[in-house]
Amino acid sequence: DDADCTDSSHSHEHTSECDDADCTDTSHSHEHTAECDDADCTDTSHSHSHEHKTSTQTAADQLGITSFVYKASTPFNAQRLMALLERWPVPIKDSLDFGLVMGLAEDSKSGDDEKFAEHERAFVGVLRSKGFCWMAPTQWSSNAAGSDVWRHDTAMYWSHAGKHFGITSAGKWWGTLTKDKMQPYFANNVEEYDRIMREDWVSEEWGDRRQELVFIGTGLDEGDIRKALDNCLCTGEEMDAYRVQLRNYMDATFSTVKDGPSLFDVGGMDHIDQ
């Protein structure tokens, strides 16, 4: 491959291409097969077909859109949650029971306004949120006005997009049934039953009752949003009262019915995921 060699006993054909753009030796090829990626290069000895690589950055990346999932295995205190949502900067709120907020009037006077204002700011960047939530009843007596004992076994669907927000009934939690009664629903889809047991069944006590909410937005302060929602969850003391109220309700309702229907057989049988 010596361009200056004059020995006629062997071939002087250069099979390999020269990649020196300044080389003027005519004894070998100067075709550059590799494409040049310098947009300012004017060398005509090689190709300048510049292939533009597809950017891996999505519109969501460019806009700074992020998301996270909020999960909890404790019910929301309905009054505290509604008080928080009332202050959420969303102009159109559908299907929300803001009558519950009245129970917090005295708390607001005692300095909670500052706390709620802080939580309001936490939700400013939220563009979309959705998922299931569990809310604790506020009135367990089925005979009393405003009874909401139905909250115990009802999965609520949280839906927020842009200017609209609402929480509506999504059917019953699977946890309203025993596993023996639940399995026949999945006779032809055992994989889904296994998934629910693996991913949604948060405890043997409460079944799949849970909070599972997806938040999507720009400049989300995940920590502040989690803190705001955590403050709406029932405290340990409130959960103790929840258990007592539930037990009393069941005893009062079914104590005279031997082998009667489950508390959760009352009403329709539509469940979430159906």
# chains A, B, ... in the order shown; residues from 1 in each chain; ligands from 1
>>> closest_atom_pairs(of="range 193-266 of chain A", to="range 62-84 of chain A", cutoff="7 Å", atoms="only C-alpha atoms", output="JSON lines")
{"residue": "A:Val202", "atom": "CA", "partner": "A:Ser73", "partner_atom": "CA", "distance": 6.5}
{"residue": "A:Arg209", "atom": "CA", "partner": "A:Ser73", "partner_atom": "CA", "distance": 6.9}
{"residue": "A:Arg210", "atom": "CA", "partner": "A:Ser73", "partner_atom": "CA", "distance": 4.6}
{"residue": "A:Gln211", "atom": "CA", "partner": "A:Ala72", "partner_atom": "CA", "distance": 4.9}
{"residue": "A:Glu212", "atom": "CA", "partner": "A:Lys71", "partner_atom": "CA", "distance": 4.6}
{"residue": "A:Leu213", "atom": "CA", "partner": "A:Tyr70", "partner_atom": "CA", "distance": 5.1}
{"residue": "A:Val214", "atom": "CA", "partner": "A:Val69", "partner_atom": "CA", "distance": 4.4}
{"residue": "A:Phe215", "atom": "CA", "partner": "A:Ser67", "partner_atom": "CA", "distance": 5.4}
{"residue": "A:Ile216", "atom": "CA", "partner": "A:Ser67", "partner_atom": "CA", "distance": 4.3}
{"residue": "A:Gly217", "atom": "CA", "partner": "A:Ile65", "partner_atom": "CA", "distance": 5.2}
{"residue": "A:Thr218", "atom": "CA", "partner": "A:Ile65", "partner_atom": "CA", "distance": 4.6}
{"residue": "A:Gly219", "atom": "CA", "partner": "A:Gly64", "partner_atom": "CA", "distance": 6.8}
{"residue": "A:Arg226", "atom": "CA", "partner": "A:Tyr70", "partner_atom": "CA", "distance": 6.9}
{"residue": "A:Cys232", "atom": "CA", "partner": "A:Arg80", "partner_atom": "CA", "distance": 5.2}
{"residue": "A:Leu233", "atom": "CA", "partner": "A:Phe76", "partner_atom": "CA", "distance": 4.2}
{"residue": "A:Cys234", "atom": "CA", "partner": "A:Asn77", "partner_atom": "CA", "distance": 5.2}
>>> residues_around(residues="Ala155 in chain A", least_positions_apart="3", cutoff="9 Å", atoms="only C-alpha atoms", output="list in words")
Phe132, Cys133, Trp134, Met135, Arg151, His152, Thr168, Ser169, Ala170, Gly171, Lys172, Trp173, Arg209, Arg210, His271 and Ile272 of chain A
>>> write_last_selection(atoms="N, CA, C and O atoms", output="PDB file, in the first residue's frame")
ATOM      1  N   PHE A 132     -59.461   6.050  41.650  1.00  0.00           N
ATOM      2  CA  PHE A 132     -60.456   5.631  42.629  1.00  0.00           C
ATOM      3  C   PHE A 132     -60.103   6.178  44.006  1.00  0.00           C
ATOM      4  O   PHE A 132     -58.934   6.290  44.359  1.00  0.00           O
ATOM      5  N   CYS A 133     -61.143   6.505  44.768  1.00  0.00           N
ATOM      6  CA  CYS A 133     -60.894   6.938  46.139  1.00  0.00           C
ATOM      7  C   CYS A 133     -61.922   6.332  47.089  1.00  0.00           C
ATOM      8  O   CYS A 133     -63.030   5.965  46.689  1.00  0.00           O
ATOM      9  N   TRP A 134     -61.531   6.246  48.334  1.00  0.00           N
ATOM     10  CA  TRP A 134     -62.336   5.653  49.406  1.00  0.00           C
ATOM     11  C   TRP A 134     -62.614   6.741  50.431  1.00  0.00           C
ATOM     12  O   TRP A 134     -61.683   7.363  50.938  1.00  0.00           O
ATOM     13  N   MET A 135     -63.888   6.952  50.718  1.00  0.00           N
ATOM     14  CA  MET A 135     -64.273   8.002  51.660  1.00  0.00           C
ATOM     15  C   MET A 135     -65.023   7.400  52.841  1.00  0.00           C
ATOM     16  O   MET A 135     -65.906   6.551  52.664  1.00  0.00           O
ATOM     17  N   ARG A 151     -70.991   4.998  51.790  1.00  0.00           N
ATOM     18  CA  ARG A 151     -69.606   5.316  51.417  1.00  0.00           C
ATOM     19  C   ARG A 151     -68.658   4.156  51.755  1.00  0.00           C
ATOM     20  O   ARG A 151     -67.614   4.001  51.111  1.00  0.00           O
ATOM     21  N   HIS A 152     -69.020   3.380  52.773  1.00  0.00           N
ATOM     22  CA  HIS A 152     -68.132   2.299  53.206  1.00  0.00           C
ATOM     23  C   HIS A 152     -67.864   1.292  52.097  1.00  0.00           C
ATOM     24  O   HIS A 152     -66.731   0.799  51.962  1.00  0.00           O
ATOM     25  N   THR A 168     -67.728  10.802  41.479  1.00  0.00           N
ATOM     26  CA  THR A 168     -68.983  10.081  41.329  1.00  0.00           C
ATOM     27  C   THR A 168     -68.811   8.626  41.720  1.00  0.00           C
ATOM     28  O   THR A 168     -67.689   8.121  41.824  1.00  0.00           O
ATOM     29  N   SER A 169     -69.925   7.946  41.927  1.00  0.00           N
ATOM     30  CA  SER A 169     -69.892   6.539  42.301  1.00  0.00           C
ATOM     31  C   SER A 169     -69.388   5.690  41.130  1.00  0.00           C
ATOM     32  O   SER A 169     -69.797   5.878  39.983  1.00  0.00           O
ATOM     33  N   ALA A 170     -68.500   4.742  41.432  1.00  0.00           N
ATOM     34  CA  ALA A 170     -67.952   3.872  40.392  1.00  0.00           C
ATOM     35  C   ALA A 170     -68.373   2.419  40.610  1.00  0.00           C
ATOM     36  O   ALA A 170     -67.866   1.520  39.951  1.00  0.00           O
ATOM     37  N   GLY A 171     -69.283   2.178  41.544  1.00  0.00           N
ATOM     38  CA  GLY A 171     -69.677   0.811  41.865  1.00  0.00           C
ATOM     39  C   GLY A 171     -69.099   0.387  43.205  1.00  0.00           C
ATOM     40  O   GLY A 171     -68.545   1.212  43.935  1.00  0.00           O
ATOM     41  N   LYS A 172     -69.257  -0.872  43.511  1.00  0.00           N
ATOM     42  CA  LYS A 172     -68.796  -1.358  44.812  1.00  0.00           C
ATOM     43  C   LYS A 172     -67.365  -1.868  44.748  1.00  0.00           C
ATOM     44  O   LYS A 172     -66.915  -2.375  43.722  1.00  0.00           O
ATOM     45  N   TRP A 173     -66.677  -1.735  45.872  1.00  0.00           N
ATOM     46  CA  TRP A 173     -65.359  -2.334  45.991  1.00  0.00           C
ATOM     47  C   TRP A 173     -65.515  -3.848  45.950  1.00  0.00           C
ATOM     48  O   TRP A 173     -66.503  -4.402  46.450  1.00  0.00           O
ATOM     49  N   ARG A 209     -60.301  -1.641  49.097  1.00  0.00           N
ATOM     50  CA  ARG A 209     -60.599  -0.234  49.385  1.00  0.00           C
ATOM     51  C   ARG A 209     -59.274   0.517  49.510  1.00  0.00           C
ATOM     52  O   ARG A 209     -58.392   0.121  50.272  1.00  0.00           O
ATOM     53  N   ARG A 210     -59.172   1.607  48.796  1.00  0.00           N
ATOM     54  CA  ARG A 210     -57.878   2.299  48.751  1.00  0.00           C
ATOM     55  C   ARG A 210     -58.024   3.652  48.055  1.00  0.00           C
ATOM     56  O   ARG A 210     -59.067   3.951  47.455  1.00  0.00           O
ATOM     57  N   HIS A 271     -69.469  -3.799  40.324  1.00  0.00           N
ATOM     58  CA  HIS A 271     -68.212  -3.514  41.024  1.00  0.00           C
ATOM     59  C   HIS A 271     -67.265  -2.791  40.079  1.00  0.00           C
ATOM     60  O   HIS A 271     -67.442  -2.808  38.860  1.00  0.00           O
ATOM     61  N   ILE A 272     -66.276  -2.144  40.662  1.00  0.00           N
ATOM     62  CA  ILE A 272     -65.299  -1.481  39.807  1.00  0.00           C
ATOM     63  C   ILE A 272     -64.570  -2.553  39.010  1.00  0.00           C
ATOM     64  O   ILE A 272     -64.495  -3.706  39.419  1.00  0.00           O
TER      65      ILE A 272
END
>>> residues_around(residues="range 240-246 of chain A", least_positions_apart="5", cutoff="10 Å", atoms="only C-alpha atoms", output="PDB file with N, CA, C and O atoms, in the first residue's frame")
ATOM      1  N   PRO A  75     -59.063   5.471  54.374  1.00  0.00           N
ATOM      2  CA  PRO A  75     -60.076   6.312  53.733  1.00  0.00           C
ATOM      3  C   PRO A  75     -59.842   7.796  53.983  1.00  0.00           C
ATOM      4  O   PRO A  75     -59.208   8.182  54.967  1.00  0.00           O
ATOM      5  N   ALA A 136     -64.676   7.842  54.022  1.00  0.00           N
ATOM      6  CA  ALA A 136     -65.309   7.335  55.237  1.00  0.00           C
ATOM      7  C   ALA A 136     -66.696   7.955  55.412  1.00  0.00           C
ATOM      8  O   ALA A 136     -66.891   9.144  55.150  1.00  0.00           O
ATOM      9  N   PRO A 137     -67.676   7.173  55.855  1.00  0.00           N
ATOM     10  CA  PRO A 137     -69.009   7.731  56.142  1.00  0.00           C
ATOM     11  C   PRO A 137     -68.930   8.762  57.266  1.00  0.00           C
ATOM     12  O   PRO A 137     -68.071   8.674  58.145  1.00  0.00           O
ATOM     13  N   THR A 138     -69.836   9.717  57.211  1.00  0.00           N
ATOM     14  CA  THR A 138     -69.907  10.710  58.287  1.00  0.00           C
ATOM     15  C   THR A 138     -71.121  10.472  59.182  1.00  0.00           C
ATOM     16  O   THR A 138     -71.165  10.940  60.310  1.00  0.00           O
ATOM     17  N   GLN A 139     -72.128   9.763  58.662  1.00  0.00           N
ATOM     18  CA  GLN A 139     -73.344   9.474  59.415  1.00  0.00           C
ATOM     19  C   GLN A 139     -73.728   8.006  59.197  1.00  0.00           C
ATOM     20  O   GLN A 139     -74.176   7.621  58.136  1.00  0.00           O
ATOM     21  N   TRP A 140     -73.506   7.170  60.222  1.00  0.00           N
ATOM     22  CA  TRP A 140     -73.679   5.730  60.078  1.00  0.00           C
ATOM     23  C   TRP A 140     -75.115   5.260  60.261  1.00  0.00           C
ATOM     24  O   TRP A 140     -75.465   4.157  59.851  1.00  0.00           O
ATOM     25  N   SER A 141     -75.947   6.034  60.895  1.00  0.00           N
ATOM     26  CA  SER A 141     -77.322   5.604  61.130  1.00  0.00           C
ATOM     27  C   SER A 141     -78.128   5.688  59.843  1.00  0.00           C
ATOM     28  O   SER A 141     -78.290   6.770  59.257  1.00  0.00           O
ATOM     29  N   VAL A 149     -73.803   5.928  55.008  1.00  0.00           N
ATOM     30  CA  VAL A 149     -73.146   4.659  55.303  1.00  0.00           C
ATOM     31  C   VAL A 149     -72.720   3.949  54.019  1.00  0.00           C
ATOM     32  O   VAL A 149     -71.791   3.132  54.023  1.00  0.00           O
ATOM     33  N   HIS A 152     -69.020   3.380  52.773  1.00  0.00           N
ATOM     34  CA  HIS A 152     -68.132   2.299  53.206  1.00  0.00           C
ATOM     35  C   HIS A 152     -67.864   1.292  52.097  1.00  0.00           C
ATOM     36  O   HIS A 152     -66.731   0.799  51.962  1.00  0.00           O
ATOM     37  N   CYS A 234     -58.046   9.620  57.177  1.00  0.00           N
ATOM     38  CA  CYS A 234     -58.488   9.411  58.552  1.00  0.00           C
ATOM     39  C   CYS A 234     -57.283   9.133  59.445  1.00  0.00           C
ATOM     40  O   CYS A 234     -56.354   8.421  59.050  1.00  0.00           O
ATOM     41  N   THR A 235     -57.318   9.700  60.616  1.00  0.00           N
ATOM     42  CA  THR A 235     -56.251   9.476  61.596  1.00  0.00           C
ATOM     43  C   THR A 235     -56.440   8.099  62.238  1.00  0.00           C
ATOM     44  O   THR A 235     -57.484   7.448  62.055  1.00  0.00           O
ATOM     45  N   ASP A 251     -74.164  -5.099  63.457  1.00  0.00           N
ATOM     46  CA  ASP A 251     -74.885  -5.782  64.533  1.00  0.00           C
ATOM     47  C   ASP A 251     -76.338  -5.333  64.582  1.00  0.00           C
ATOM     48  O   ASP A 251     -77.256  -6.155  64.711  1.00  0.00           O
ATOM     49  N   ALA A 252     -76.546  -4.034  64.461  1.00  0.00           N
ATOM     50  CA  ALA A 252     -77.904  -3.489  64.541  1.00  0.00           C
ATOM     51  C   ALA A 252     -78.747  -3.891  63.335  1.00  0.00           C
ATOM     52  O   ALA A 252     -79.957  -4.089  63.449  1.00  0.00           O
TER      53      ALA A 252
END
>>> select_by_dssp(residues="range 165-197 of chain A", states="helix (DSSP H, G or I)", output="PyMOL selection string")
chain A and resi 174-176+179-186+190-197
>>> atom_distance(atom1="CA of Tyr249 in chain A", atom2="CA of Leu177 in chain A")
17.1 Å
>>> atom_distance(atom1="CA of Gly207 in chain A", atom2="CA of Thr176 in chain A")
7.6 Å
>>> atom_distance(atom1="CA of His160 in chain A", atom2="CA of Glu86 in chain A")
13.4 Å
